[in-house]
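Participant: Okay, so here is data.csv, and as you'll see once you scroll down, it has CSV, C-alpha atoms and all ligand atoms.
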```csv
chain,number,residue,atom,x,y,z
Z,12,MET,CA,5.8,56.6,6.5
Z,13,ARG,CA,2.7,58.5,5.5
Z,14,ASN,CA,2.3,56.4,2.3
Z,15,LYS,CA,-0.5,53.9,2.4
Z,16,GLU,CA,0.7,52.0,-0.7
Z,17,MET,CA,4.1,50.8,-1.9
Z,18,LEU,CA,4.7,52.7,-5.1
Z,19,LEU,CA,7.2,50.4,-6.9
Z,20,VAL,CA,6.8,51.6,-10.4
Z,21,PRO,CA,9.9,52.9,-12.1
Z,22,GLY,CA,9.0,56.4,-11.1
Z,23,PRO,CA,7.5,58.2,-9.3
Z,24,THR,CA,9.1,56.4,-6.3
Z,25,PRO,CA,8.1,56.4,-2.6
Z,26,VAL,CA,8.3,59.8,-1.1
Z,27,VAL,CA,9.5,59.9,2.6
Z,28,ASP,CA,7.9,62.0,5.3
Z,29,GLU,CA,10.8,64.5,5.5
Z,30,ILE,CA,10.2,65.3,1.8
Z,31,TYR,CA,6.4,65.5,2.2
Z,32,ASP,CA,7.0,67.9,5.1
Z,33,ALA,CA,9.3,70.1,3.0
Z,34,LEU,CA,6.7,70.0,0.2
Z,35,ALA,CA,4.1,71.3,2.6
Z,36,SER,CA,6.3,74.3,3.7
Z,37,GLU,CA,4.5,77.6,3.6
Z,38,THR,CA,4.6,78.9,0.0
Z,39,ARG,CA,6.7,82.0,-0.3
Z,40,GLY,CA,7.2,84.4,-3.1
Z,41,HIS,CA,9.9,83.2,-5.5
Z,42,THR,CA,12.1,86.2,-4.8
Z,43,ASP,CA,11.6,86.1,-1.0
Z,44,PRO,CA,15.2,85.9,0.4
Z,45,ARG,CA,14.3,82.9,2.6
Z,46,PHE,CA,13.2,80.9,-0.5
Z,47,VAL,CA,16.2,82.2,-2.6
Z,48,GLU,CA,18.5,80.7,0.0
Z,49,VAL,CA,16.8,77.3,-0.3
Z,50,TYR,CA,17.0,77.4,-4.1
Z,51,LYS,CA,20.7,78.3,-3.9
Z,52,HIS,CA,21.3,75.5,-1.5
Z,53,ALA,CA,19.5,73.0,-3.7
Z,54,LEU,CA,21.5,74.1,-6.8
Z,55,GLN,CA,24.8,73.8,-4.8
Z,56,GLN,CA,23.9,70.3,-3.6
Z,57,THR,CA,23.1,69.3,-7.2
Z,58,ARG,CA,26.6,70.6,-8.2
Z,59,THR,CA,28.1,68.5,-5.4
Z,60,MET,CA,26.2,65.4,-6.3
Z,61,LEU,CA,27.3,65.6,-10.0
Z,62,GLN,CA,30.7,67.2,-9.3
Z,63,THR,CA,30.3,69.4,-12.3
Z,64,ASP,CA,32.7,72.3,-13.3
Z,65,GLY,CA,29.9,73.8,-15.4
Z,66,GLU,CA,26.4,74.9,-14.6
Z,67,VAL,CA,23.2,73.3,-13.3
Z,68,TYR,CA,19.6,74.1,-14.1
Z,69,VAL,CA,16.7,73.1,-12.0
Z,70,VAL,CA,13.3,74.2,-13.4
Z,71,ALA,CA,9.7,73.1,-13.5
Z,72,GLY,CA,9.1,70.3,-16.0
Z,73,SER,CA,9.3,66.6,-16.4
Z,74,GLY,CA,12.2,64.4,-17.5
Z,75,THR,CA,11.2,65.0,-21.1
Z,76,LEU,CA,11.7,68.7,-20.7
Z,77,ALA,CA,15.2,68.0,-19.3
Z,78,MET,CA,15.9,65.9,-22.4
Z,79,GLU,CA,14.8,68.8,-24.6
Z,80,MET,CA,16.8,71.4,-22.6
Z,81,ALA,CA,19.9,69.2,-22.9
Z,82,ILE,CA,19.5,68.8,-26.7
Z,83,VAL,CA,18.5,72.3,-27.8
Z,84,ASN,CA,21.3,74.0,-25.9
Z,85,THR,CA,24.0,71.8,-27.3
Z,86,VAL,CA,23.0,70.7,-30.8
Z,87,GLY,CA,21.8,73.2,-33.5
Z,88,GLU,CA,19.5,73.0,-36.4
Z,89,GLY,CA,21.2,70.9,-39.2
Z,90,GLU,CA,23.8,69.5,-36.9
Z,91,ARG,CA,24.2,65.7,-36.3
Z,92,LEU,CA,23.1,63.8,-33.3
Z,93,LEU,CA,23.7,60.1,-32.6
Z,94,VAL,CA,21.2,58.3,-30.3
Z,95,ILE,CA,22.3,55.1,-28.6
Z,96,SER,CA,19.1,53.5,-27.5
Z,97,HIS,CA,18.3,50.5,-25.3
Z,98,GLY,CA,14.6,51.0,-25.5
Z,99,TYR,CA,11.6,53.3,-25.5
Z,100,PHE,CA,13.2,56.2,-23.7
Z,101,GLY,CA,16.4,56.1,-25.8
Z,102,ASP,CA,14.1,56.2,-28.9
Z,103,ARG,CA,12.4,59.3,-27.6
Z,104,PHE,CA,15.5,61.4,-28.5
Z,105,THR,CA,14.8,60.9,-32.2
Z,106,PRO,CA,11.4,62.7,-32.6
Z,107,LEU,CA,12.6,65.2,-30.0
Z,108,ALA,CA,15.7,66.2,-32.0
Z,109,LYS,CA,13.8,66.1,-35.3
Z,110,ALA,CA,11.3,68.6,-34.0
Z,111,PHE,CA,14.3,71.0,-33.8
Z,112,GLY,CA,15.6,70.3,-37.3
Z,113,ILE,CA,18.5,68.2,-36.0
Z,114,GLU,CA,19.9,65.4,-38.2
Z,115,VAL,CA,19.5,62.2,-36.2
Z,116,ASP,CA,20.9,58.7,-36.5
Z,117,ILE,CA,19.9,56.0,-34.1
Z,118,LEU,CA,21.5,52.8,-33.0
Z,119,GLN,CA,18.9,50.6,-31.4
Z,120,SER,CA,19.6,47.4,-29.5
Z,121,GLU,CA,17.4,44.4,-29.4
Z,122,TRP,CA,15.3,44.9,-26.3
Z,123,GLY,CA,17.1,43.5,-23.3
Z,124,LYS,CA,20.5,43.8,-24.9
Z,125,ARG,CA,23.1,46.5,-25.4
Z,126,VAL,CA,24.1,48.2,-28.6
Z,127,ASP,CA,27.1,46.6,-30.1
Z,128,LEU,CA,30.3,48.7,-29.6
Z,129,GLU,CA,31.6,48.0,-33.0
Z,130,LEU,CA,28.5,49.5,-34.5
Z,131,VAL,CA,29.0,52.6,-32.3
Z,132,LYS,CA,32.6,52.9,-33.5
Z,133,GLU,CA,31.5,52.7,-37.1
Z,134,LYS,CA,28.8,55.4,-36.7
Z,135,LEU,CA,31.0,57.7,-34.7
Z,136,ALA,CA,33.6,57.7,-37.5
Z,137,THR,CA,31.0,59.7,-39.6
Z,138,GLY,CA,31.2,62.6,-37.2
Z,139,TYR,CA,28.5,63.9,-34.7
Z,140,LYS,CA,28.1,67.0,-32.6
Z,141,ALA,CA,26.7,65.0,-29.7
Z,142,VAL,CA,25.7,61.5,-28.7
Z,143,THR,CA,22.9,60.6,-26.3
Z,144,VAL,CA,23.3,57.7,-23.9
Z,145,THR,CA,20.4,56.6,-21.8
Z,146,HIS,CA,22.1,55.6,-18.6
Z,147,ALA,CA,19.3,53.1,-17.7
Z,148,ASP,CA,16.4,52.5,-20.0
Z,149,THR,CA,13.1,52.3,-18.1
Z,150,SER,CA,11.4,50.2,-20.7
Z,151,THR,CA,13.9,47.4,-20.7
Z,152,GLY,CA,15.9,47.7,-17.5
Z,153,VAL,CA,19.1,47.8,-19.5
Z,154,ALA,CA,22.0,50.0,-18.2
Z,155,SER,CA,24.5,51.5,-20.6
Z,156,ASP,CA,28.2,50.9,-20.1
Z,157,LEU,CA,29.6,54.4,-19.7
Z,158,ASP,CA,33.1,53.1,-19.2
Z,159,ALA,CA,33.1,51.6,-22.7
Z,160,LEU,CA,31.0,54.3,-24.4
Z,161,ILE,CA,32.5,57.6,-23.1
Z,162,PRO,CA,36.1,57.1,-24.4
Z,163,LEU,CA,34.8,56.1,-27.8
Z,164,ILE,CA,32.4,59.1,-28.0
Z,165,LYS,CA,34.9,61.6,-26.7
Z,166,GLU,CA,37.7,60.3,-29.0
Z,167,SER,CA,35.4,61.1,-31.9
Z,168,GLY,CA,35.1,64.7,-30.7
Z,169,ALA,CA,31.3,64.5,-29.9
Z,170,LEU,CA,29.7,65.6,-26.7
Z,171,VAL,CA,28.3,63.0,-24.3
Z,172,ILE,CA,24.7,63.6,-23.2
Z,173,VAL,CA,23.6,61.2,-20.5
Z,174,ASP,CA,19.9,60.7,-19.8
Z,175,GLY,CA,19.9,60.0,-16.1
Z,176,VAL,CA,16.2,60.2,-15.5
Z,177,VAL,CA,16.1,56.7,-13.9
Z,178,ALA,CA,19.8,56.7,-12.8
Z,179,THR,CA,20.9,60.1,-11.3
Z,180,ALA,CA,21.3,59.8,-7.5
Z,181,ALA,CA,21.6,56.0,-7.8
Z,182,MET,CA,24.3,55.4,-10.4
Z,183,ASP,CA,27.6,57.1,-10.8
Z,184,GLU,CA,27.4,60.2,-13.0
Z,185,ASN,CA,30.3,62.1,-11.6
Z,186,MET,CA,31.0,64.7,-14.2
Z,187,SER,CA,34.6,65.3,-13.1
Z,188,LYS,CA,35.4,61.6,-13.5
Z,189,GLU,CA,38.0,61.0,-16.3
Z,190,TYR,CA,37.2,58.0,-18.5
Z,191,GLY,CA,40.8,57.1,-19.5
Z,192,HIS,CA,41.9,60.6,-20.6
Z,193,PRO,CA,41.7,64.0,-18.8
Z,194,ASP,CA,39.3,65.3,-21.5
Z,195,TYR,CA,37.0,62.3,-21.6
Z,196,LYS,CA,34.2,63.2,-19.2
Z,197,ILE,CA,30.4,63.3,-19.3
Z,198,ASP,CA,29.3,66.7,-20.8
Z,199,VAL,CA,25.6,66.8,-20.0
Z,200,VAL,CA,23.5,65.0,-17.4
Z,201,LEU,CA,19.8,65.4,-17.5
Z,202,THR,CA,17.2,64.0,-15.0
Z,203,GLY,CA,13.8,64.4,-13.4
Z,204,SER,CA,12.9,64.7,-9.7
Z,205,GLN,CA,10.6,61.6,-9.4
Z,206,LYS,CA,12.8,58.6,-9.9
Z,207,ALA,CA,16.0,57.9,-7.9
Z,208,ILE,CA,15.9,61.3,-6.3
Z,209,GLY,CA,12.6,60.5,-4.6
Z,210,VAL,CA,10.7,63.9,-5.1
Z,211,PRO,CA,7.2,63.9,-6.6
Z,212,PRO,CA,7.2,64.6,-10.4
Z,213,GLY,CA,7.7,68.1,-11.6
Z,214,LEU,CA,11.3,69.1,-11.7
Z,215,ALA,CA,13.7,69.0,-14.7
Z,216,ILE,CA,17.3,69.0,-13.8
Z,217,VAL,CA,20.2,69.5,-16.3
Z,218,ALA,CA,23.9,69.9,-15.7
Z,219,PHE,CA,26.3,71.1,-18.4
Z,220,SER,CA,30.1,70.8,-18.3
Z,221,LYS,CA,32.4,73.7,-19.3
Z,222,ALA,CA,33.0,71.9,-22.6
Z,223,ALA,CA,29.3,71.6,-23.3
Z,224,LEU,CA,28.8,75.3,-22.5
Z,225,LYS,CA,31.6,76.3,-24.8
Z,226,ALA,CA,30.0,74.3,-27.6
Z,227,SER,CA,26.7,76.1,-26.9
Z,228,GLU,CA,28.1,79.6,-27.2
Z,229,SER,CA,27.9,79.8,-31.0
Z,230,LEU,CA,24.5,78.1,-31.1
Z,231,THR,CA,21.2,79.7,-32.0
Z,232,VAL,CA,18.9,78.1,-29.4
Z,233,ARG,CA,15.5,77.3,-31.0
Z,234,ALA,CA,13.5,77.5,-27.8
Z,235,TYR,CA,12.4,80.1,-25.2
Z,236,TYR,CA,11.6,78.4,-21.9
Z,237,CYS,CA,14.3,75.8,-22.5
Z,238,ASP,CA,17.0,78.3,-23.5
Z,239,ILE,CA,19.6,78.2,-20.7
Z,240,ASN,CA,20.6,81.7,-21.6
Z,241,ASN,CA,17.3,82.8,-20.2
Z,242,TRP,CA,17.7,80.8,-17.1
Z,243,ARG,CA,21.4,81.5,-16.4
Z,244,PRO,CA,20.8,84.7,-14.4
Z,245,VAL,CA,18.3,82.8,-12.2
Z,246,MET,CA,20.7,79.9,-11.5
Z,247,GLU,CA,23.5,82.4,-10.7
Z,248,ASN,CA,21.2,84.3,-8.3
Z,249,PRO,CA,17.7,82.9,-7.8
Z,250,SER,CA,16.4,86.4,-6.7
Z,251,ASN,CA,16.4,87.1,-10.5
Z,252,TYR,CA,13.2,86.3,-12.3
Z,253,PHE,CA,12.7,84.5,-15.7
Z,254,ALA,CA,9.7,82.2,-15.1
Z,255,THR,CA,8.2,81.4,-11.7
Z,256,PRO,CA,10.0,78.3,-10.2
Z,257,PRO,CA,7.9,75.6,-8.5
Z,258,VAL,CA,8.7,76.9,-5.0
Z,259,ASN,CA,7.3,74.0,-3.0
Z,260,LEU,CA,8.9,71.4,-5.2
Z,261,ILE,CA,12.3,73.1,-4.7
Z,262,TYR,CA,11.8,72.9,-0.9
Z,263,ALA,CA,11.2,69.1,-1.4
Z,264,TYR,CA,14.1,68.8,-3.8
Z,265,ASP,CA,16.5,70.5,-1.4
Z,266,GLU,CA,15.5,68.0,1.3
Z,267,ALA,CA,15.9,65.1,-1.1
Z,268,MET,CA,19.4,66.3,-2.0
Z,269,LYS,CA,20.3,66.4,1.7
Z,270,ILE,CA,19.3,62.8,2.0
Z,271,VAL,CA,21.3,61.9,-1.1
Z,272,LEU,CA,24.5,63.7,0.0
Z,273,ASN,CA,24.2,62.4,3.6
Z,274,GLU,CA,24.2,58.8,2.3
Z,275,GLY,CA,26.9,59.6,-0.3
Z,276,MET,CA,27.0,58.6,-3.9
Z,277,VAL,CA,29.4,55.7,-3.3
Z,278,ASN,CA,27.0,54.2,-0.7
Z,279,ARG,CA,24.0,54.9,-2.8
Z,280,GLU,CA,25.4,53.2,-5.9
Z,281,ALA,CA,26.4,50.1,-3.8
Z,282,ARG,CA,22.9,50.0,-2.3
Z,283,HIS,CA,21.2,50.2,-5.6
Z,284,ILE,CA,23.4,47.5,-7.2
Z,285,ALA,CA,22.5,45.3,-4.2
Z,286,TYR,CA,18.8,46.0,-4.5
Z,287,GLY,CA,18.8,45.1,-8.2
Z,288,LYS,CA,20.7,41.9,-7.8
Z,289,ALA,CA,18.6,40.9,-4.7
Z,290,ILE,CA,15.2,41.5,-6.2
Z,291,ARG,CA,16.1,39.7,-9.5
Z,292,ALA,CA,17.6,36.7,-7.6
Z,293,ALA,CA,14.6,36.4,-5.4
Z,294,LEU,CA,12.1,36.6,-8.3
Z,295,ALA,CA,14.2,34.1,-10.3
Z,296,THR,CA,13.3,31.5,-7.6
Z,297,TYR,CA,9.7,32.0,-8.7
Z,298,GLY,CA,10.6,31.2,-12.3
Z,299,MET,CA,10.5,34.9,-13.2
Z,300,ALA,CA,13.5,36.0,-15.3
Z,301,ALA,CA,14.5,39.6,-16.0
Z,302,LEU,CA,14.5,40.7,-19.6
Z,303,ALA,CA,18.1,42.0,-19.2
Z,304,SER,CA,20.9,39.6,-18.2
Z,305,GLU,CA,22.7,40.4,-14.9
Z,306,GLU,CA,25.7,41.8,-16.8
Z,307,VAL,CA,23.6,44.6,-18.4
Z,308,ALA,CA,20.8,44.9,-15.9
Z,309,ALA,CA,20.1,48.3,-14.3
Z,310,PRO,CA,20.4,48.8,-10.5
Z,311,THR,CA,17.3,50.9,-10.3
Z,312,LEU,CA,14.5,49.0,-12.0
Z,313,SER,CA,13.8,45.6,-13.6
Z,314,CYS,CA,11.6,44.4,-16.4
Z,315,ILE,CA,10.5,40.9,-15.3
Z,316,LEU,CA,9.0,38.4,-17.7
Z,317,TYR,CA,6.0,36.4,-16.7
Z,318,PRO,CA,6.2,32.6,-16.5
Z,319,ALA,CA,3.9,30.8,-18.8
Z,320,GLY,CA,0.2,31.1,-17.8
Z,321,VAL,CA,0.5,34.3,-15.7
Z,322,GLU,CA,-2.0,36.9,-16.8
Z,323,ASP,CA,-0.7,40.5,-16.6
Z,324,ALA,CA,-3.8,42.5,-15.6
Z,325,ALA,CA,-4.9,39.9,-13.0
Z,326,PHE,CA,-1.3,39.7,-11.5
Z,327,ARG,CA,-1.0,43.5,-11.2
Z,328,ALA,CA,-4.5,43.8,-9.8
Z,329,ALA,CA,-3.7,41.2,-7.2
Z,330,LEU,CA,-0.7,43.3,-6.1
Z,331,ALA,CA,-2.7,46.5,-6.2
Z,332,GLU,CA,-5.4,45.0,-3.9
Z,333,ARG,CA,-2.5,44.3,-1.4
Z,334,GLY,CA,-1.3,47.9,-1.7
Z,335,MET,CA,1.6,47.4,-4.0
Z,336,ILE,CA,1.8,49.1,-7.4
Z,337,VAL,CA,4.0,48.0,-10.3
Z,338,ALA,CA,4.0,49.0,-13.9
Z,339,GLY,CA,3.1,47.1,-17.0
Z,340,ALA,CA,5.6,46.6,-19.8
Z,341,LEU,CA,5.8,48.8,-22.9
Z,342,ALA,CA,5.4,48.2,-26.6
Z,343,HIS,CA,5.7,44.5,-27.8
Z,344,LEU,CA,6.3,43.4,-24.2
Z,345,ALA,CA,2.9,44.7,-23.0
Z,346,GLY,CA,1.2,41.8,-21.2
Z,347,LYS,CA,4.3,39.7,-21.2
Z,348,ALA,CA,6.3,41.4,-18.5
Z,349,PHE,CA,6.0,43.9,-15.7
Z,350,ARG,CA,8.4,46.6,-14.5
Z,351,ILE,CA,9.3,47.1,-10.9
Z,352,GLY,CA,11.3,50.1,-9.5
Z,353,HIS,CA,13.8,49.6,-6.7
Z,354,MET,CA,15.4,52.9,-6.2
Z,355,GLY,CA,15.6,56.2,-4.3
Z,356,ASN,CA,14.1,56.0,-0.8
Z,357,THR,CA,12.8,52.4,-1.3
Z,358,THR,CA,13.9,50.3,1.7
Z,359,PRO,CA,15.0,46.7,2.1
Z,360,GLU,CA,11.8,46.1,4.1
Z,361,MET,CA,9.7,47.2,1.1
Z,362,LEU,CA,11.6,44.9,-1.2
Z,363,GLU,CA,11.0,42.0,1.3
Z,364,ARG,CA,7.3,42.8,1.4
Z,365,ALA,CA,7.3,43.1,-2.5
Z,366,VAL,CA,8.8,39.6,-2.8
Z,367,GLU,CA,6.1,38.2,-0.4
Z,368,LEU,CA,3.2,39.9,-2.2
Z,369,ILE,CA,4.5,38.8,-5.7
Z,370,GLY,CA,4.6,35.3,-4.3
Z,371,GLU,CA,1.0,35.6,-3.2
Z,372,ALA,CA,-0.1,37.1,-6.5
Z,373,LEU,CA,1.5,34.1,-8.3
Z,374,GLN,CA,-0.1,31.6,-6.0
Z,375,GLN,CA,-3.5,33.2,-6.9
Z,376,GLN,CA,-2.7,32.3,-10.5
Z,377,HIS,CA,-1.9,28.7,-9.5
Z,378,VAL,CA,1.9,29.0,-9.8
Z,379,THR,CA,3.7,27.0,-7.1
Z,380,VAL,CA,6.2,29.2,-5.3
Z,381,ASP,CA,8.3,29.0,-2.1
Z,382,VAL,CA,7.9,32.5,-0.6
Z,383,GLN,CA,10.2,31.9,2.4
Z,384,ARG,CA,13.0,30.7,0.2
Z,385,ALA,CA,12.6,33.8,-2.1
Z,386,VAL,CA,12.8,36.1,0.9
Z,387,GLU,CA,15.9,34.3,2.1
Z,388,VAL,CA,17.6,34.7,-1.3
Z,389,LEU,CA,16.7,38.4,-1.2
Z,390,LYS,CA,18.1,38.9,2.3
Z,391,ALA,CA,21.3,37.0,1.5
Z,392,GLN,CA,21.9,39.4,-1.5
Z,393,LEU,CA,21.0,42.5,0.6
Z,394,ASN,CA,23.4,41.4,3.4
Z,395,VAL,CA,26.2,41.9,0.9
Z,396,MET,CA,25.3,45.6,1.1
Z,397,VAL,CA,26.0,46.0,4.8
J,401,LIG,C1,11.0,58.5,-17.1
J,401,LIG,C2,12.0,58.7,-18.1
J,401,LIG,C3,12.0,59.7,-19.0
J,401,LIG,C4,10.8,60.7,-19.1
J,401,LIG,O1,10.6,61.4,-18.0
J,401,LIG,P1,9.2,62.1,-17.8
J,401,LIG,O2,9.3,62.7,-16.4
J,401,LIG,O3,8.1,61.1,-17.8
J,401,LIG,O4,9.0,63.1,-18.8
J,401,LIG,C5,13.1,59.9,-19.8
J,401,LIG,N1,14.1,59.1,-19.8
J,401,LIG,C6,14.2,58.0,-18.9
J,401,LIG,C7,15.4,57.2,-18.9
J,401,LIG,C8,13.1,57.8,-18.0
J,401,LIG,O5,13.2,56.8,-17.2
```
Reformat the file's structure so that it appears as structure tokens.

Facilitator:
Amino acid sequence: MRNKEMLLVPGPTPVVDEIYDALASETRGHTDPRFVEVYKHALQQTRTMLQTDGEVYVVAGSGTLAMEMAIVNTVGEGERLLVISHGYFGDRFTPLAKAFGIEVDILQSEWGKRVDLELVKEKLATGYKAVTVTHADTSTGVASDLDALIPLIKESGALVIVDGVVATAAMDENMSKEYGHPDYKIDVVLTGSQKAIGVPPGLAIVAFSKAALKASESLTVRAYYCDINNWRPVMENPSNYFATPPVNLIYAYDEAMKIVLNEGMVNREARHIAYGKAIRAALATYGMAALASEEVAAPTLSCILYPAGVEDAAFRAALAERGMIVAGALAHLAGKAFRIGHMGNTTPEMLERAVELIGEALQQQHVTVDVQRAVEVLKAQLNVMV
């Protein structure tokens, strides 16, 4: 590993050497046939990961651009969108959609909890073009229950748009999976490169099902860079030009996709579930509880509440001095919790080291902890994985 620090924020995530090597490939022209082959392969691998019958788009941009691309190509001005939000990133769909003249309703959960399904049913009865579901919300560490939500949303006739920015490549987003009925499937998955995929920031990735593409046919898309009609010829044949793709990031992404498909999505999901359970169980022995209960907690990141008396800035600085980086909490939780990512190419060894270092940082703030026991709890949970 070339990394000198353990980057355990909820994205970007640790980049492995194979991906750095690919990133440092000689830059070629974007229509050079050698690069075109790599781009094609990267797109094909994305299709395989998501099992979509529709189209995939991989372009320069962050996760937020992928959110925008998903919305503007499926929901038109004056049409209705329902946002199911479990935190800060769910909420982001509201101003985004409003900027395009879309009528937005939002259902927000209390932070750390899920939106009540009865409320979802009531809202859906009023009729929406599409519904956004944030697969895991990076502010709260709450995962959405796709098994419960997708049948309700599809039954109402709306499209299901899944924000997978902190989930894709770690949590199941198989777009050919039927949720209780042959027509009840995910319509759009959007994501970014820097979270569970493990590539540095810079790529927006969006997949549309056939049903989503059909709904977009009659739409006037209020965008230019984000209009998939401009990108379609490039995705069909990357020797076509619309806007210069980030050549080196695509090399890195192609490598990352090889790693993902080699491991396989079933194994990856099991590994991430084990990581989430293990890190939360280990930190619980320090008296640190996750904001989200285990039934709703995300496999990819956790929002961990500080025990009384622990000072946020000093705690995170103590970790940073030891080469481990975690993120602060957002909004009203700032100072009261921290967020730790455990996804992508993060290893069990890194998680073990993280538990040790968090123990040391707590000791520095005069909290009595048993580091050895915490590590044992972590390992016992991780052993379930193998
Ligand atoms: C990180 C994140 C985003 C935003 O992605 P950027 O790359 O920062 O634009 C959106 N949704 C979720 C769930 C995220 O975790």

Participant: Could you make a table, as a tab-separated table, of the residues of stretch 195-255 of chain Z that have an atom within 12 Å of an atom of stretch 108-114 of chain Z, each with its nearest atom pair and distance in Å to one decimal, counting only C-alpha atoms, in chain and number order?

Facilitator:
```
residue	atom	partner	partner_atom	distance
Z:Thr231	CA	Z:Phe111	CA	11.2
Z:Val232	CA	Z:Phe111	CA	9.5
Z:Arg233	CA	Z:Phe111	CA	7.0
Z:Ala234	CA	Z:Phe111	CA	8.9
```

Participant: Restricting the calculation to only C-alpha atoms and all ligand atoms, which member of Z:Tyr99, Z:Tyr31, Z:Tyr50, Z:Tyr68 is positioned closest to ligand LIG 401 (chain J)?

Facilitator: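 Smallest distance to ligand LIG 401 (chain J) is found for Z:Tyr99.
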
Participant: Write out as number ranges by chain each polymer residue whose atoms come within 9 Å of stretch 212-219 of chain Z, counting all atoms listed in the file; drop sequence neighbours fewer than 2 positions from it.

Facilitator: Z: 22-23, 57-58, 61, 63-78, 80-81, 186, 197-206, 209-210, 221-224, 257, 260-261, 264

Participant: Counting all atoms listed in the file, which residue out of Z:Pro359, Z:Gly123, Z:Pro310, Z:Pro318 sits closest to Z:Ala207?

Facilitator: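 Using all atoms listed in the file, Z:Ala207 sits closest to Z:Pro310.
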
Participant: Restricting the calculation to all atoms listed in the file: of Z:Thr179, Z:Thr143, Z:Thr137, Z:Thr358, which residue gets closest to Z:Thr105?

Facilitator: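 Using all atoms listed in the file, Z:Thr105 sits closest to Z:Thr143.
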
Participant: Which is closest to Z:Glu133 among Z:Leu312, Z:Ala303, Z:Leu163, Z:Ala147, if we use only C-alpha atoms?

Facilitator: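 Checking each of Z:Leu312, Z:Ala303, Z:Leu163, Z:Ala147 against Z:Glu133, counting only C-alpha atoms, the winner is Z:Leu163.
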
Participant: Can you work out the spacing between atom CA of Z:Cys314 and atom CA of Z:Gly287 in Å, to one decimal?

Facilitator: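 Rounded to one decimal, the two atoms are 10.9 Å apart.
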
Participant: Which of these residues is nearest to ligand LIG 401 (chain J), using all atoms listed in the file: Z:Gly101, Z:Gly275, Z:Gly191, Z:Pro25?

Facilitator: Z:Gly101

Participant: Of the candidates Z:Pro256, Z:Asp238, Z:Ile208, Z:Ser304, which shows the shortest atom-to-atom distance to Z:Thr24, using only C-alpha atoms?

Facilitator: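 Counting only C-alpha atoms, the residue closest to Z:Thr24 is Z:Ile208.
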
Participant: If you measure from atom CA of Z:Lys347 to atom CA of Z:Ile315, what distance in Å do you get, rounded to one decimal?

Facilitator: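 Straight-line distance from atom CA of Z:Lys347 to atom CA of Z:Ile315 works out to 8.6 Å.
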
Participant: Enter the distance from atom CA of Z:Leu135 to atom CA of Z:Leu93, in Å, rounded to one decimal.

Facilitator: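 Taking atom CA of Z:Leu135 and atom CA of Z:Leu93, their separation equals 8.0 Å.
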